[in-house]
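What follows is one structure encoded as structure tokens, with my remarks underneath.
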Amino acid sequence: MKQKLHSTNRVFDLADQLGMLLVFALVFLFCSLTVDYFFTLKNMSNLALSVSWLGIVACSMLFCLASGDFDLSVGAVWACAGVMTGLALNATGSVALGIAAGLGLGAAVGLVNGVVIAKFKINALITTLATMQIIRGIGQISSGGQSVNVSDEAFLFLGQGQVAGVPFPVVITIVCFVVFGVLLHGTVYGRNALAIGGNEEAARLAGVPVMRTRIMIFVVQGVMAALVGVLSTAQMELCHPTRTGVGFELRAISACVLGGVSLTGGVGSIVSVISGVLIMGTVQNAMTLRQMDPFYQNIVTGGILLGAVLLDQLKTYWKARA
């Protein structure tokens, strides 16, 4: 009986993953046929770049969701890390120190989130909502509320350069997909994250270092959000502490849930994340090309998030009945 139930759940998971890839293919085909200039070389490059930022953060958000948590501070970390990178680079003239300042800030925020949530048992919603406000404020104070501009050519390569004709941020995203896929499906770290999300108490009794694993998940999440801050600053040659990354956390969560990662924890795969990221990126790109009013874009993005959550609940119900 247990073997039959396990087989049924695996069929559901496989159908879910392949189904969302099919949805992406249909969305992409529809946009190619109905949106002017969508299927052009220039727009495909723009789409790949926009998807790369979402993909990088979604890779680590996958682990947060799989372990039963989430992080609302990633958009603020993106902005503040970009600001700190620019300020450190302009002050020292060192690309390495600038990048270290940005990534270090992300790691510090992730450590605070992880310790407060894992050690002090504070709800992830409250914790990351608070750090979101704090970090956004730190970025605004540090820059005086103004954009921080950068012009170092070596640094700008990170956002504007290419490797074998592929934009460098896209290369980084592909590497992240591979690395986080291996971490989730082929390491103890990934299995522990899924075990914590499935049943934290059972995982603890089985010897899983729950606190250490959850803290590490948030540290990695902070670093990945900061990495997006570094790359986006290098691409745009500036970072604004207020406007940058607003609402990005919801897009990252939406992409994961839309792809099939469960909000209740214990379920997730890198294929799910890739599917959700591609769908979200394609829809956003198509709305931009159609010059849709940003207010309406917010409605569509919110609708996608709501639909993804409802779909997650339906899948949980179907699996429970299987």
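Letters A, B, ... mark the chains of the structure tokens in the order given; residue numbers begin at 1 per chain; ligand numbers begin at 1, in order shown.
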Applying 10 Å and only C-alpha atoms, which residues near range 291-305 of chain A remain after dropping the ones on its own chain fewer than 2 positions away? List them as a PyMOL selection string. chain A and resi 247+250-258+280+283-289+307-311
Could you write out the selected residues, including C-alpha atoms, as a short mmCIF file (atom, residue, chain, number, x, y, z; two decimals), in the first residue's frame?
data_model
loop_
_atom_site.label_atom_id
_atom_site.label_comp_id
_atom_site.auth_asym_id
_atom_site.auth_seq_id
_atom_site.Cartn_x
_atom_site.Cartn_y
_atom_site.Cartn_z
CA GLY A 247 8.03 43.71 -5.21
CA LEU A 250 6.70 38.34 -4.50
CA ARG A 251 7.87 37.56 -8.03
CA ALA A 252 10.44 35.09 -6.71
CA ILE A 253 7.89 33.33 -4.50
CA SER A 254 5.33 33.35 -7.32
CA ALA A 255 7.80 31.78 -9.74
CA CYS A 256 8.60 28.95 -7.32
CA VAL A 257 4.98 28.23 -6.38
CA LEU A 258 3.80 28.54 -9.97
CA MET A 280 6.89 34.70 -14.98
CA VAL A 283 4.59 37.20 -19.08
CA GLN A 284 6.41 40.22 -17.64
CA ASN A 285 8.36 40.75 -20.86
CA ALA A 286 5.21 40.51 -23.00
CA MET A 287 3.40 43.07 -20.81
CA THR A 288 6.34 45.46 -21.14
CA LEU A 289 6.43 45.10 -24.94
CA GLY A 307 -3.53 31.52 -8.92
CA ALA A 308 -0.28 29.79 -8.01
CA VAL A 309 -1.29 29.58 -4.34
CA LEU A 310 -4.71 28.18 -5.24
CA LEU A 311 -3.07 25.65 -7.56
#
Range 17-49 of chain A near range 54-75 of chain A within 12 Å: what's each residue's closest atom pair and its distance in Å to one decimal, counting only C-alpha atoms, ordered by chain then ascending residue number, as a Markdown table?
| residue | atom | partner | partner_atom | distance |
| --- | --- | --- | --- | --- |
| A:Leu47 | CA | A:Leu54 | CA | 10.9 |
| A:Ala48 | CA | A:Gly55 | CA | 9.8 |
| A:Leu49 | CA | A:Leu54 | CA | 9.2 |
Val115 in chain A: which residues within 9 Å, counting only C-alpha atoms, same-chain residues fewer than 6 positions away excluded, as a list in words? Lys121, Met211, Arg212, Arg214, Ile215 and Phe218 of chain A
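For range 83-86 of chain A, the residues within 8 Å (counting only C-alpha atoms, excluding itself and residues fewer than 2 positions away along the chain) are Ala79, Cys80, Ala81, Ala88, Leu89, Asn90, Leu97, Gly98, Ile99, Ala100, Ala101, Gly102, Leu105, Gly139, Ser142, Ser143, Ser147, Val148, Asn149, Val150, Val230, Thr233, Leu238, Cys239, His240 and Pro241 of chain A.
Taking CA of Val267 in chain A as the reference point, CA of Lys119 in chain A is found at 23.4 Å.
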So how far away is CA of Val219 in chain A from CA of Ala107 in chain A, in Å? 5.1 Å
Please extract the residues of range 149-228 of chain A with a backbone DSSP assignment of alpha helix (DSSP H) and present them as a ChimeraX atom specification. /A:153-160,168-186,188-198,200-205,210-228
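With only C-alpha atoms as the atoms that count, the minimum distance from Gly197 in chain A to the choices A:Gly137, A:Gly245, A:Gly266, A:Gly144 is reached by A:Gly266.
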From a DSSP calculation on the backbone, collect every residue of range 28-261 of chain A in strand (DSSP E or B) and output the set as a PyMOL selection string. chain A and resi 148-149+162-163+166-167+238-239
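As for CA of Gln313 in chain A and CA of Ala25 in chain A, they are spaced 23.8 Å apart.
For the choices A:Val228, A:Val273, A:Val109, A:Leu263, the atom-to-atom distance to Ile138 in chain A is smallest for A:Val109 when using only C-alpha atoms.
Summary of the local environment: counting only C-alpha atoms, residues at most 12 Å from Phe28 in chain A, other than itself and those fewer than 5 positions away along its chain, are Leu21, Leu22, Val23, Leu33, Thr34, Val35, Phe38, Phe39, Met44, Leu47, Ser275, Leu278, Ile279, Met280, Gly281, Thr282, Val283, Gln284, Asn285 and Ala286 of chain A.
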Emit the selected residues as a PDB file, in the first residue's frame, including C-alpha atoms.
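Saved result, part-v2.pdb, follows:
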ATOM      1  CA  LEU A  21       7.084  23.135 -18.895  1.00  0.00           C
ATOM      2  CA  LEU A  22       4.254  22.604 -21.367  1.00  0.00           C
ATOM      3  CA  VAL A  23       2.472  25.674 -19.985  1.00  0.00           C
ATOM      4  CA  LEU A  33       2.347  35.030 -32.316  1.00  0.00           C
ATOM      5  CA  THR A  34       0.501  37.930 -30.684  1.00  0.00           C
ATOM      6  CA  VAL A  35       3.114  40.360 -29.297  1.00  0.00           C
ATOM      7  CA  PHE A  38       8.634  39.471 -28.917  1.00  0.00           C
ATOM      8  CA  PHE A  39      10.404  36.767 -30.909  1.00  0.00           C
ATOM      9  CA  MET A  44      15.284  37.277 -26.458  1.00  0.00           C
ATOM     10  CA  LEU A  47      14.199  38.326 -21.752  1.00  0.00           C
ATOM     11  CA  SER A 275       9.435  26.412 -15.269  1.00  0.00           C
ATOM     12  CA  LEU A 278      10.425  31.171 -17.442  1.00  0.00           C
ATOM     13  CA  ILE A 279       6.648  31.644 -17.245  1.00  0.00           C
ATOM     14  CA  MET A 280       6.889  34.705 -14.979  1.00  0.00           C
ATOM     15  CA  GLY A 281       9.672  36.245 -17.065  1.00  0.00           C
ATOM     16  CA  THR A 282       7.849  35.679 -20.343  1.00  0.00           C
ATOM     17  CA  VAL A 283       4.590  37.200 -19.083  1.00  0.00           C
ATOM     18  CA  GLN A 284       6.412  40.225 -17.639  1.00  0.00           C
ATOM     19  CA  ASN A 285       8.359  40.746 -20.857  1.00  0.00           C
ATOM     20  CA  ALA A 286       5.207  40.513 -22.997  1.00  0.00           C
TER      21      ALA A 286
END
